[in-house]
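Q: Pasting start29.cif here (mmCIF, C-alpha atoms (C1' of nucleotides)):
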```cif
data_structure
#
loop_
_atom_site.label_atom_id
_atom_site.label_comp_id
_atom_site.auth_asym_id
_atom_site.auth_seq_id
_atom_site.Cartn_x
_atom_site.Cartn_y
_atom_site.Cartn_z
CA MET A 246 94.09 126.42 104.94
CA SER A 247 91.89 124.77 107.53
CA ALA A 248 91.83 121.03 106.97
CA ARG A 249 88.52 119.63 105.93
CA PRO A 250 86.97 117.28 108.43
CA ALA A 251 89.10 114.22 108.94
CA ALA A 252 86.02 112.03 108.68
CA GLN A 253 85.45 113.13 105.14
CA ALA A 254 89.06 112.48 104.18
CA LEU A 255 88.82 109.00 105.64
CA ARG A 256 85.68 108.18 103.74
CA GLN A 257 87.28 109.28 100.54
CA ALA A 258 90.44 107.31 101.29
CA GLU A 259 88.43 104.17 101.88
CA HIS A 260 86.64 104.66 98.62
CA LEU A 261 89.87 105.22 96.69
CA CYS A 262 91.58 102.20 98.21
CA ARG A 263 88.66 99.96 97.42
CA GLU A 264 88.70 101.23 93.86
CA ARG A 265 92.40 100.58 93.54
CA GLY A 266 92.33 97.17 95.16
CA VAL A 267 94.70 98.11 97.97
CA ARG A 268 94.11 97.62 101.65
CA LEU A 269 93.52 100.49 104.02
CA THR A 270 94.25 98.46 107.13
CA PRO A 271 93.40 99.69 110.64
CA GLN A 272 96.96 100.87 111.25
CA ARG A 273 97.11 102.79 108.01
CA ARG A 274 93.72 104.20 108.71
CA ALA A 275 94.80 105.28 112.17
CA VAL A 276 97.86 107.06 110.83
CA LEU A 277 95.83 108.76 108.14
CA GLU A 278 93.27 109.85 110.67
CA LEU A 279 95.88 111.39 112.94
CA VAL A 280 97.54 113.21 110.08
CA CYS A 281 94.26 114.51 108.70
CA ALA A 282 92.94 115.61 112.07
CA SER A 283 96.02 117.68 112.89
CA PRO A 284 96.01 121.34 111.89
CA ARG A 285 99.78 121.21 111.60
CA PRO A 286 102.03 118.65 109.94
CA LEU A 287 103.06 115.81 112.22
CA SER A 288 106.46 114.17 112.42
CA ALA A 289 106.62 110.40 112.31
CA TYR A 290 107.42 110.31 116.01
CA GLU A 291 104.55 112.60 116.91
CA ILE A 292 102.29 110.16 115.09
CA LEU A 293 103.87 107.30 117.02
CA ASP A 294 103.27 109.02 120.33
CA ARG A 295 99.61 109.47 119.52
CA MET A 296 99.08 105.93 118.32
CA GLY A 297 99.46 104.19 121.63
CA ASP A 298 95.94 103.60 122.86
CA GLY A 299 96.85 103.96 126.47
CA ALA A 300 100.37 102.71 126.94
CA ARG A 301 102.57 100.60 124.64
CA ILE A 302 103.25 102.68 121.58
CA PRO A 303 104.36 100.88 118.42
CA ALA A 304 107.93 100.81 117.13
CA PRO A 305 109.06 103.29 114.45
CA PRO A 306 108.87 100.92 111.45
CA THR A 307 105.16 100.57 112.05
CA VAL A 308 104.42 104.18 111.37
CA TYR A 309 106.99 104.52 108.60
CA ARG A 310 105.46 101.60 106.76
CA ALA A 311 102.01 103.07 107.04
CA LEU A 312 103.32 106.42 105.84
CA ASP A 313 105.03 104.78 102.86
CA PHE A 314 101.74 103.26 101.86
CA LEU A 315 99.81 106.49 102.28
CA LEU A 316 102.43 108.41 100.32
CA ARG A 317 102.32 105.90 97.48
CA GLN A 318 98.55 106.22 97.38
CA GLY A 319 98.76 109.99 97.37
CA LEU A 320 96.78 110.26 100.59
CA VAL A 321 99.44 112.17 102.48
CA HIS A 322 102.32 114.44 101.56
CA LYS A 323 105.75 114.62 103.08
CA LEU A 324 107.23 118.03 103.76
CA ALA A 325 110.93 117.52 103.23
CA SER A 326 111.94 120.77 104.85
CA LEU A 327 110.12 119.85 108.07
CA HIS A 328 110.48 116.07 108.23
CA ALA A 329 106.75 116.01 108.68
CA PHE A 330 103.57 114.80 107.06
CA ILE A 331 100.18 116.25 106.20
CA GLY A 332 97.00 114.86 104.73
CA CYS A 333 96.53 115.52 101.05
CA ALA A 334 93.78 117.97 100.23
CA HIS A 335 92.93 116.38 96.88
CA PRO A 336 93.78 112.70 96.88
CA GLU A 337 91.43 111.83 94.05
CA HIS A 338 93.89 112.68 91.33
CA PRO A 339 97.68 112.58 91.20
CA HIS A 340 99.12 116.04 91.31
CA ALA A 341 102.14 118.09 92.13
CA SER A 342 101.57 120.51 94.95
CA GLN A 343 103.31 123.52 96.35
CA PHE A 344 103.30 124.03 100.08
CA LEU A 345 103.18 127.31 101.93
CA ILE A 346 104.55 126.70 105.39
CA CYS A 347 103.99 129.34 108.04
CA ALA A 348 106.99 129.64 110.30
CA ALA A 349 104.88 131.39 112.95
CA CYS A 350 101.86 129.13 113.44
CA GLY A 351 103.08 126.03 111.65
CA GLU A 352 100.08 125.67 109.42
CA VAL A 353 100.47 124.63 105.82
CA ASP A 354 98.54 125.62 102.74
CA GLU A 355 98.58 123.36 99.71
CA LEU A 356 98.56 125.06 96.32
CA GLU A 357 98.13 123.42 92.97
CA ASP A 358 99.46 125.89 90.47
CA GLU A 359 99.54 123.83 87.36
CA PRO A 360 101.10 126.47 85.08
CA LEU A 361 103.88 126.88 87.59
CA MET A 362 104.65 123.19 87.54
CA ARG A 363 104.56 123.11 83.76
CA HIS A 364 107.05 125.95 83.77
CA LEU A 365 109.31 124.08 86.16
CA THR A 366 109.05 120.88 84.17
CA ALA A 367 109.84 122.73 80.97
CA ALA A 368 112.88 124.36 82.52
CA ALA A 369 114.15 120.94 83.55
CA GLN A 370 113.49 119.38 80.19
CA ALA A 371 115.29 122.24 78.49
CA VAL A 372 118.51 120.87 79.95
CA GLY A 373 117.62 117.27 79.16
CA PHE A 374 116.43 116.42 82.64
CA LEU A 375 113.48 114.07 83.12
CA PRO A 376 111.56 115.26 86.16
CA GLU A 377 109.80 112.75 88.34
CA GLN A 378 109.14 114.04 91.81
CA PRO A 379 108.95 117.75 92.52
CA VAL A 380 109.51 119.26 95.93
CA VAL A 381 108.24 122.82 96.16
CA GLU A 382 107.97 124.31 99.62
CA LEU A 383 107.86 127.92 100.65
CA LEU A 384 108.68 128.92 104.20
CA GLY A 385 107.25 132.24 105.27
CA THR A 386 104.38 133.84 107.12
CA CYS A 387 100.71 133.23 106.50
CA ALA A 388 98.14 135.99 106.15
CA GLN A 389 96.74 135.52 109.64
CA CYS A 390 100.11 135.64 111.36
CA ARG A 391 101.14 138.69 109.39
CA ARG A 392 98.13 140.54 110.69
CA LYS A 393 98.98 139.51 114.21
CA GLU A 394 102.54 140.73 113.84
CA GLU A 395 101.42 144.14 112.66
CA ASP A 396 98.79 144.53 115.33
CA PRO A 397 99.74 142.40 118.33
CA SER A 398 96.70 143.50 120.30
CA MET B 216 126.32 119.28 86.41
CA SER B 217 130.10 119.43 86.52
CA ALA B 218 131.31 121.61 89.35
CA ARG B 219 133.70 124.30 88.42
CA PRO B 220 137.15 123.83 89.88
CA ALA B 221 137.04 123.96 93.63
CA ALA B 222 140.09 126.20 93.66
CA GLN B 223 138.19 128.91 91.83
CA ALA B 224 135.24 128.65 94.21
CA LEU B 225 137.59 129.00 97.16
CA ARG B 226 139.27 132.05 95.74
CA GLN B 227 135.92 133.68 95.17
CA ALA B 228 134.76 132.75 98.68
CA GLU B 229 137.83 134.31 100.20
CA HIS B 230 137.24 137.44 98.23
CA LEU B 231 133.59 137.65 99.25
CA CYS B 232 134.32 137.05 102.91
CA ARG B 233 137.00 139.71 102.97
CA GLU B 234 134.57 142.11 101.34
CA ARG B 235 131.89 141.33 103.88
CA GLY B 236 134.17 141.45 106.89
CA VAL B 237 133.48 137.88 107.94
CA ARG B 238 136.07 135.23 108.68
CA LEU B 239 136.62 132.26 106.39
CA THR B 240 138.53 130.28 108.98
CA PRO B 241 140.53 127.15 108.11
CA GLN B 242 137.70 124.87 109.22
CA ARG B 243 135.10 126.69 107.21
CA ARG B 244 137.46 126.73 104.29
CA ALA B 245 138.04 123.00 104.62
CA VAL B 246 134.31 122.25 104.64
CA LEU B 247 133.74 124.50 101.66
CA GLU B 248 136.58 122.85 99.78
CA LEU B 249 135.20 119.37 100.37
CA VAL B 250 131.72 120.37 99.31
CA CYS B 251 132.92 122.16 96.20
CA ALA B 252 135.28 119.38 95.18
CA SER B 253 132.60 116.70 95.34
CA PRO B 254 130.63 115.97 92.18
CA ARG B 255 127.69 114.91 94.33
CA PRO B 256 126.14 116.55 97.37
CA LEU B 257 127.68 115.52 100.67
CA SER B 258 125.89 114.81 103.91
CA ALA B 259 127.20 116.45 107.05
CA TYR B 260 128.59 113.13 108.20
CA GLU B 261 130.33 112.45 104.91
CA ILE B 262 132.02 115.80 105.33
CA LEU B 263 132.99 114.86 108.85
CA ASP B 264 134.51 111.58 107.70
CA ARG B 265 136.64 113.39 105.16
CA MET B 266 137.80 116.08 107.54
CA GLY B 267 139.97 113.92 109.72
CA ASP B 268 143.49 114.47 108.49
CA GLY B 269 144.61 110.99 109.29
CA ALA B 270 142.71 109.82 112.32
CA ARG B 271 140.65 111.83 114.86
CA ILE B 272 137.67 113.22 113.03
CA PRO B 273 135.89 116.20 114.57
CA ALA B 274 132.56 116.03 116.37
CA PRO B 275 129.30 116.83 114.55
CA PRO B 276 128.86 120.40 115.87
CA THR B 277 132.10 121.35 114.18
CA VAL B 278 130.84 120.66 110.72
CA TYR B 279 127.33 121.90 111.40
CA ARG B 280 128.70 125.22 112.62
CA ALA B 281 130.81 125.59 109.52
CA LEU B 282 127.85 124.70 107.33
CA ASP B 283 125.67 127.26 109.11
CA PHE B 284 128.19 129.93 108.34
CA LEU B 285 128.56 128.89 104.70
CA LEU B 286 124.80 128.75 104.26
CA ARG B 287 124.38 132.22 105.75
CA GLN B 288 127.02 133.54 103.38
CA GLY B 289 125.35 131.86 100.43
CA LEU B 290 128.44 129.79 99.67
CA VAL B 291 126.70 126.44 99.92
CA HIS B 292 123.14 125.19 99.50
CA LYS B 293 121.29 122.61 101.50
CA LEU B 294 119.20 120.05 99.65
CA ALA B 295 116.33 119.34 102.01
CA SER B 296 115.16 116.24 100.20
CA LEU B 297 118.60 114.64 100.52
CA HIS B 298 119.90 116.01 103.82
CA ALA B 299 122.97 117.02 101.89
CA PHE B 300 124.98 120.04 100.85
CA ILE B 301 126.50 121.36 97.64
CA GLY B 302 128.64 124.32 96.74
CA CYS B 303 126.78 127.27 95.32
CA ALA B 304 127.43 127.93 91.67
CA HIS B 305 126.94 131.69 91.91
CA PRO B 306 127.74 132.93 95.40
CA GLU B 307 128.36 136.50 94.30
CA HIS B 308 124.71 137.49 94.52
CA PRO B 309 121.85 136.26 96.66
CA HIS B 310 119.42 134.17 94.67
CA ALA B 311 116.78 131.49 94.81
CA SER B 312 117.79 128.35 93.00
CA GLN B 313 116.06 125.28 91.72
CA PHE B 314 117.86 121.98 91.94
CA LEU B 315 117.67 119.11 89.51
CA ILE B 316 118.73 115.98 91.36
CA CYS B 317 119.55 112.88 89.35
CA ALA B 318 118.36 109.78 91.15
CA ALA B 319 120.69 107.62 89.05
CA CYS B 320 124.08 109.28 89.34
CA GLY B 321 123.40 111.63 92.23
CA GLU B 322 124.64 114.74 90.48
CA VAL B 323 122.81 118.01 90.90
CA ASP B 324 122.25 120.87 88.52
CA GLU B 325 121.47 124.33 89.85
CA LEU B 326 119.02 126.41 87.86
CA GLU B 327 118.18 130.04 88.40
CA ASP B 328 114.88 130.57 86.68
CA GLU B 329 113.93 133.99 87.90
CA PRO B 330 110.52 134.18 86.18
CA LEU B 331 109.61 130.87 87.78
CA MET B 332 110.41 132.17 91.22
CA ARG B 333 108.49 135.36 90.57
CA HIS B 334 105.53 133.23 89.60
CA LEU B 335 105.83 131.18 92.75
CA THR B 336 106.16 134.26 94.91
CA ALA B 337 103.14 135.81 93.25
CA ALA B 338 101.07 132.70 93.80
CA ALA B 339 101.93 132.79 97.47
CA GLN B 340 101.20 136.48 97.83
CA ALA B 341 97.87 135.98 96.13
CA VAL B 342 96.73 134.10 99.22
CA GLY B 343 98.31 136.62 101.57
CA PHE B 344 101.40 134.56 102.28
CA LEU B 345 104.74 136.29 102.73
CA PRO B 346 107.39 134.03 101.26
CA GLU B 347 110.83 133.95 102.78
CA GLN B 348 112.73 130.83 101.94
CA PRO B 349 111.89 128.76 98.89
CA VAL B 350 112.76 125.09 98.52
CA VAL B 351 112.48 123.88 94.94
CA GLU B 352 113.98 120.51 94.17
CA LEU B 353 113.23 118.17 91.33
CA LEU B 354 114.14 114.50 91.57
CA GLY B 355 114.49 112.76 88.26
CA THR B 356 117.03 111.59 85.72
CA CYS B 357 119.71 113.73 84.12
CA ALA B 358 120.39 113.80 80.40
CA GLN B 359 123.48 111.66 80.65
CA CYS B 360 121.82 108.92 82.67
CA ARG B 361 118.82 108.90 80.37
CA ARG B 362 121.10 108.16 77.43
CA LYS B 363 122.74 105.34 79.39
CA GLU B 364 119.37 103.82 80.22
CA GLU B 365 118.32 103.78 76.59
CA ASP B 366 121.60 102.41 75.34
CA PRO B 367 123.31 100.49 78.12
CA SER B 368 126.22 99.49 75.87
"C1'" DT C 11 88.78 72.68 103.12
"C1'" DC C 12 93.47 72.78 102.94
"C1'" DT C 13 97.51 75.14 101.71
"C1'" DG C 14 101.10 77.98 99.78
"C1'" DG C 15 102.63 82.42 99.13
"C1'" DA C 16 102.34 87.34 99.27
"C1'" DA C 17 101.42 91.15 102.02
"C1'" DA C 18 101.20 93.20 106.51
"C1'" DT C 19 102.87 93.49 111.07
"C1'" DG C 20 105.89 92.86 115.24
"C1'" DT C 21 110.48 93.28 117.23
"C1'" DT C 22 115.21 94.34 118.00
"C1'" DA C 23 118.86 96.77 116.87
"C1'" DT C 24 121.25 100.22 114.62
"C1'" DA C 25 122.50 103.97 111.44
"C1'" DC C 26 122.12 108.63 110.24
"C1'" DA C 27 120.90 113.75 111.19
"C1'" DA C 28 120.95 117.61 114.22
"C1'" DT C 29 121.35 120.24 118.40
"C1'" DA C 30 121.95 121.45 123.60
"C1'" DA C 31 124.98 122.92 126.89
"C1'" DC C 32 129.22 124.03 128.71
"C1'" DG C 33 133.97 125.65 128.88
"C1'" DC C 34 138.16 127.31 126.71
"C1'" DC C 35 140.87 130.12 123.89
"C1'" DC C 36 142.09 133.62 120.86
"C1'" DC C 37 141.87 137.94 119.02
"C1'" DC C 38 140.76 142.57 118.75
"C1'" DC C 39 139.30 146.85 120.53
"C1'" DC C 40 138.98 149.85 124.23
"C1'" DG D 6 145.66 144.57 130.65
"C1'" DG D 7 140.93 143.76 130.88
"C1'" DG D 8 136.58 142.78 128.83
"C1'" DG D 9 133.80 140.72 125.43
"C1'" DG D 10 132.46 138.45 121.27
"C1'" DG D 11 133.37 134.89 118.05
"C1'" DG D 12 135.06 130.51 117.01
"C1'" DC D 13 136.06 125.98 118.46
"C1'" DG D 14 136.38 121.43 121.41
"C1'" DT D 15 133.82 118.13 123.91
"C1'" DT D 16 130.21 115.38 125.89
"C1'" DA D 17 125.76 114.13 125.79
"C1'" DT D 18 121.32 113.82 124.00
"C1'" DT D 19 117.33 114.21 120.93
"C1'" DG D 20 115.21 113.30 116.70
"C1'" DT D 21 114.73 110.86 112.08
"C1'" DA D 22 114.86 106.66 109.47
"C1'" DT D 23 115.90 101.96 108.11
"C1'" DA D 24 117.98 97.03 108.23
"C1'" DA D 25 117.06 92.53 109.20
"C1'" DC D 26 114.51 88.86 110.68
"C1'" DA D 27 110.43 86.53 112.96
"C1'" DT D 28 105.50 86.06 112.93
"C1'" DT D 29 100.88 86.60 111.51
"C1'" DT D 30 97.07 87.43 108.37
"C1'" DC D 31 94.64 86.98 104.36
"C1'" DC D 32 93.33 85.39 100.09
"C1'" DA D 33 93.63 82.54 95.80
"C1'" DG D 34 93.92 78.35 93.89
"C1'" DA D 35 94.30 73.24 94.31
#
```
Could you express the structure from this file as structure tokens?

A:
Amino acid sequence: MSARPAAQALRQAEHLCRERGVRLTPQRRAVLELVCASPRPLSAYEILDRMGDGARIPAPPTVYRALDFLLRQGLVHKLASLHAFIGCAHPEHPHASQFLICAACGEVDELEDEPLMRHLTAAAQAVGFLPEQPVVELLGTCAQCRRKEEDPS
Amino acid sequence: MSARPAAQALRQAEHLCRERGVRLTPQRRAVLELVCASPRPLSAYEILDRMGDGARIPAPPTVYRALDFLLRQGLVHKLASLHAFIGCAHPEHPHASQFLICAACGEVDELEDEPLMRHLTAAAQAVGFLPEQPVVELLGTCAQCRRKEEDPS
DNA sequence: TCTGGAAATGTTATACAATAACGCCCCCCC
DNA sequence: GGGGGGGCGTTATTGTATAACATTTCCAGA
């Protein structure tokens, strides 16, 4: 649930990019930092708004390009059902995640249920389909918000 | 996969709406017909473009309102990763589907793997999360397009 | 050290997706 | 025949994403 410190995520991202021979430029780093520091997923335009140091915010392609890079490197995830982005909890290895999105507080939990994904992949392959990019998102209510609903003290 | 005849889907929709005491108006019917007749999912604006009988196409809210109704009635599905809509293959009962989306030809197959969804629900509940609306979509390549890739005769 | 090219960025404009807000009309029930 | 809800038309606006082209930066290789 709670994001680990953004600083740690950034250090790891730098390490991974060096290893892979790709460039974590200041812009990309800034986008990653914003996404990792936010408790909730951010839309591309929310990221834009927060990027202007003072006035003069960048144009949309700037942030979309950075996001493309970060997505390719597995450093952020896109939540298709929200048009929003979150930092990846485990960027060190490629993986297929499932996202639990709380409709009440907006926070997102990232699961990695490997048997589940194997099951899904198998079901696809059973009809001859070659899976490449899974999107598994579950809208609902997180544990904390459920407690609040029951006892709105 | 191949959609069943749109005519059949429409008859069933009329039946269901009568049963439920809701109104399948001409507009809603027209949107449903377009979505069911298309082999690929349609975006809201593609539907709009095809709704003008001759000239004068309707404004966006028209089609979005119809889609809202059809979604509520379980007659169409929305594919979040594509911003597009398809007719539901089994509107008679509420259900959670998984969608196999072919990146090559654009066609979509609708699975209903109930054990898979139970597994997903259980995984969510294990962390206290109350699931409400699942989104499971798999981008990849369908059987037919895989054969074409291997043997592009 | 120069230089050519790829990658990254800036900039402008535009396309595509979705909704807000308001008013009208029709239909059905009281 | 009056009231009210549901459906629809219309205008305007907000939000999401990309196309296309100019410019800069950085690094490898001559």

Q: Sorted by chain and rising residue number, list the residues of chain B at most 10 Å from chain A (counting all atoms listed in the file), each with its closest atom pair and distance in Å to one decimal, as JSON lines.

A:
```
{"residue": "B:Leu294", "atom": "CA", "partner": "A:Ser326", "partner_atom": "CA", "distance": 9.0}
{"residue": "B:Ala295", "atom": "CA", "partner": "A:Ser326", "partner_atom": "CA", "distance": 5.4}
{"residue": "B:Ser296", "atom": "CA", "partner": "A:Ala325", "partner_atom": "CA", "distance": 5.4}
{"residue": "B:Leu297", "atom": "CA", "partner": "A:Ala325", "partner_atom": "CA", "distance": 8.6}
{"residue": "B:His298", "atom": "CA", "partner": "A:Ala325", "partner_atom": "CA", "distance": 9.1}
{"residue": "B:Gln313", "atom": "CA", "partner": "A:Leu365", "partner_atom": "CA", "distance": 8.8}
{"residue": "B:Phe314", "atom": "CA", "partner": "A:Ala369", "partner_atom": "CA", "distance": 9.2}
{"residue": "B:Leu315", "atom": "CA", "partner": "A:Ala369", "partner_atom": "CA", "distance": 7.2}
{"residue": "B:Ile316", "atom": "CA", "partner": "A:Pro376", "partner_atom": "CA", "distance": 8.9}
{"residue": "B:Cys317", "atom": "CA", "partner": "A:Phe374", "partner_atom": "CA", "distance": 8.2}
{"residue": "B:Ala318", "atom": "CA", "partner": "A:Glu377", "partner_atom": "CA", "distance": 9.5}
{"residue": "B:Asp324", "atom": "CA", "partner": "A:Val372", "partner_atom": "CA", "distance": 9.4}
{"residue": "B:Leu326", "atom": "CA", "partner": "A:Ala368", "partner_atom": "CA", "distance": 8.4}
{"residue": "B:Glu327", "atom": "CA", "partner": "A:Ala368", "partner_atom": "CA", "distance": 9.7}
{"residue": "B:Asp328", "atom": "CA", "partner": "A:Ala368", "partner_atom": "CA", "distance": 7.7}
{"residue": "B:Pro330", "atom": "CA", "partner": "A:His364", "partner_atom": "CA", "distance": 9.3}
{"residue": "B:Leu331", "atom": "CA", "partner": "A:His364", "partner_atom": "CA", "distance": 6.8}
{"residue": "B:Met332", "atom": "CA", "partner": "A:Leu361", "partner_atom": "CA", "distance": 9.2}
{"residue": "B:His334", "atom": "CA", "partner": "A:Leu361", "partner_atom": "CA", "distance": 6.9}
{"residue": "B:Leu335", "atom": "CA", "partner": "A:Leu361", "partner_atom": "CA", "distance": 7.0}
{"residue": "B:Thr336", "atom": "CA", "partner": "A:Leu383", "partner_atom": "CA", "distance": 8.7}
{"residue": "B:Ala338", "atom": "CA", "partner": "A:Asp358", "partner_atom": "CA", "distance": 7.7}
{"residue": "B:Ala339", "atom": "CA", "partner": "A:Leu345", "partner_atom": "CA", "distance": 7.2}
{"residue": "B:Gln340", "atom": "CA", "partner": "A:Ala388", "partner_atom": "CA", "distance": 8.9}
{"residue": "B:Val342", "atom": "CA", "partner": "A:Ala388", "partner_atom": "CA", "distance": 7.3}
{"residue": "B:Gly343", "atom": "CA", "partner": "A:Ala388", "partner_atom": "CA", "distance": 4.6}
{"residue": "B:Phe344", "atom": "CA", "partner": "A:Cys387", "partner_atom": "CA", "distance": 4.5}
{"residue": "B:Leu345", "atom": "CA", "partner": "A:Thr386", "partner_atom": "CA", "distance": 5.0}
{"residue": "B:Pro346", "atom": "CA", "partner": "A:Gly385", "partner_atom": "CA", "distance": 4.4}
{"residue": "B:Glu347", "atom": "CA", "partner": "A:Gly385", "partner_atom": "CA", "distance": 4.7}
{"residue": "B:Gln348", "atom": "CA", "partner": "A:Leu384", "partner_atom": "CA", "distance": 5.0}
{"residue": "B:Pro349", "atom": "CA", "partner": "A:Leu383", "partner_atom": "CA", "distance": 4.5}
{"residue": "B:Val350", "atom": "CA", "partner": "A:Glu382", "partner_atom": "CA", "distance": 5.0}
{"residue": "B:Val351", "atom": "CA", "partner": "A:Val381", "partner_atom": "CA", "distance": 4.5}
{"residue": "B:Glu352", "atom": "CA", "partner": "A:Val380", "partner_atom": "CA", "distance": 5.0}
{"residue": "B:Leu353", "atom": "CA", "partner": "A:Pro379", "partner_atom": "CA", "distance": 4.5}
{"residue": "B:Leu354", "atom": "CA", "partner": "A:Gln378", "partner_atom": "CA", "distance": 5.0}
{"residue": "B:Gly355", "atom": "CA", "partner": "A:Pro376", "partner_atom": "CA", "distance": 4.4}
{"residue": "B:Thr356", "atom": "CA", "partner": "A:Leu375", "partner_atom": "CA", "distance": 5.1}
{"residue": "B:Cys357", "atom": "CA", "partner": "A:Phe374", "partner_atom": "CA", "distance": 4.5}
{"residue": "B:Ala358", "atom": "CA", "partner": "A:Gly373", "partner_atom": "CA", "distance": 4.6}
{"residue": "B:Gln359", "atom": "CA", "partner": "A:Gly373", "partner_atom": "CA", "distance": 8.2}
{"residue": "B:Cys360", "atom": "CA", "partner": "A:Phe374", "partner_atom": "CA", "distance": 9.2}
{"residue": "B:Arg361", "atom": "CA", "partner": "A:Leu375", "partner_atom": "CA", "distance": 7.9}
{"residue": "B:Arg362", "atom": "CA", "partner": "A:Gly373", "partner_atom": "CA", "distance": 9.9}
```

Q: Residue by residue, what does the PyMOL selection byres ((chain C) within 12 of (chain B)) grab here? Present the result as an MDAnalysis selection string.

A: chainID C and resid 25:31

Q: Suppose a student applies the PyMOL selection byres ((chain B) within 12 of (chain D)) to this structure; what residues should they get, written as a VMD selection string?

A: chain B and resid 237 to 243 272 to 281 284 298

Q: What would the file look like if the residues just selected were written as an mmCIF file, in the frame of the given file with C-alpha atoms?

A:
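Written out: result-v7.cif:
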```
data_model
loop_
_atom_site.group_PDB
_atom_site.id
_atom_site.type_symbol
_atom_site.label_atom_id
_atom_site.label_comp_id
_atom_site.auth_asym_id
_atom_site.auth_seq_id
_atom_site.Cartn_x
_atom_site.Cartn_y
_atom_site.Cartn_z
ATOM 1 C CA VAL B 237 133.480 137.880 107.940
ATOM 2 C CA ARG B 238 136.070 135.230 108.680
ATOM 3 C CA LEU B 239 136.620 132.260 106.390
ATOM 4 C CA THR B 240 138.530 130.280 108.980
ATOM 5 C CA PRO B 241 140.530 127.150 108.110
ATOM 6 C CA GLN B 242 137.700 124.870 109.220
ATOM 7 C CA ARG B 243 135.100 126.690 107.210
ATOM 8 C CA ILE B 272 137.670 113.220 113.030
ATOM 9 C CA PRO B 273 135.890 116.200 114.570
ATOM 10 C CA ALA B 274 132.560 116.030 116.370
ATOM 11 C CA PRO B 275 129.300 116.830 114.550
ATOM 12 C CA PRO B 276 128.860 120.400 115.870
ATOM 13 C CA THR B 277 132.100 121.350 114.180
ATOM 14 C CA VAL B 278 130.840 120.660 110.720
ATOM 15 C CA TYR B 279 127.330 121.900 111.400
ATOM 16 C CA ARG B 280 128.700 125.220 112.620
ATOM 17 C CA ALA B 281 130.810 125.590 109.520
ATOM 18 C CA PHE B 284 128.190 129.930 108.340
ATOM 19 C CA HIS B 298 119.900 116.010 103.820
#
```

Q: Once the PyMOL selection byres ((chain B and resi 218-229) around 7) has been applied to the shown file, what residues remain in the selection, as a list of chain:residue names?

A: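 Selected by the PyMOL selection byres ((chain B and resi 218-229) around 7) in this file: B:Met216, B:Ser217, B:His230, B:Leu231, B:Cys232, B:Arg233, B:Leu239, B:Glu248, B:Cys251, B:Ala252, B:Pro254.
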
Q: Save the residues we just selected, C-alpha atoms, as a short mmCIF file (atom, residue, chain, number, x, y, z; two decimals), in the frame of the given file?

A:
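The file below, out-v9.cif, is the result:
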```cif
data_model
loop_
_atom_site.label_atom_id
_atom_site.label_comp_id
_atom_site.auth_asym_id
_atom_site.auth_seq_id
_atom_site.Cartn_x
_atom_site.Cartn_y
_atom_site.Cartn_z
CA MET B 216 126.32 119.28 86.41
CA SER B 217 130.10 119.43 86.52
CA HIS B 230 137.24 137.44 98.23
CA LEU B 231 133.59 137.65 99.25
CA CYS B 232 134.32 137.05 102.91
CA ARG B 233 137.00 139.71 102.97
CA LEU B 239 136.62 132.26 106.39
CA GLU B 248 136.58 122.85 99.78
CA CYS B 251 132.92 122.16 96.20
CA ALA B 252 135.28 119.38 95.18
CA PRO B 254 130.63 115.97 92.18
#
```

Q: Just how far from CA of Arg333 in chain B is CA of Ser312 in chain B, in Å to one decimal?

A: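 Computing the Euclidean distance for CA of Ser312 in chain B and CA of Arg333 in chain B yields 11.9 Å.
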
Q: What is the CA of Arg287 in chain B to CA of Ile331 in chain A distance in Å?

A: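 Separation of CA of Arg287 in chain B and CA of Ile331 in chain A: 29.0 Å.
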
Q: Grab the CA of Phe300 in chain B to CA of Pro256 in chain B distance for me, in Å with one decimal place.

A: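 About the pair CA of Phe300 in chain B and CA of Pro256 in chain B: they are 5.1 Å apart.
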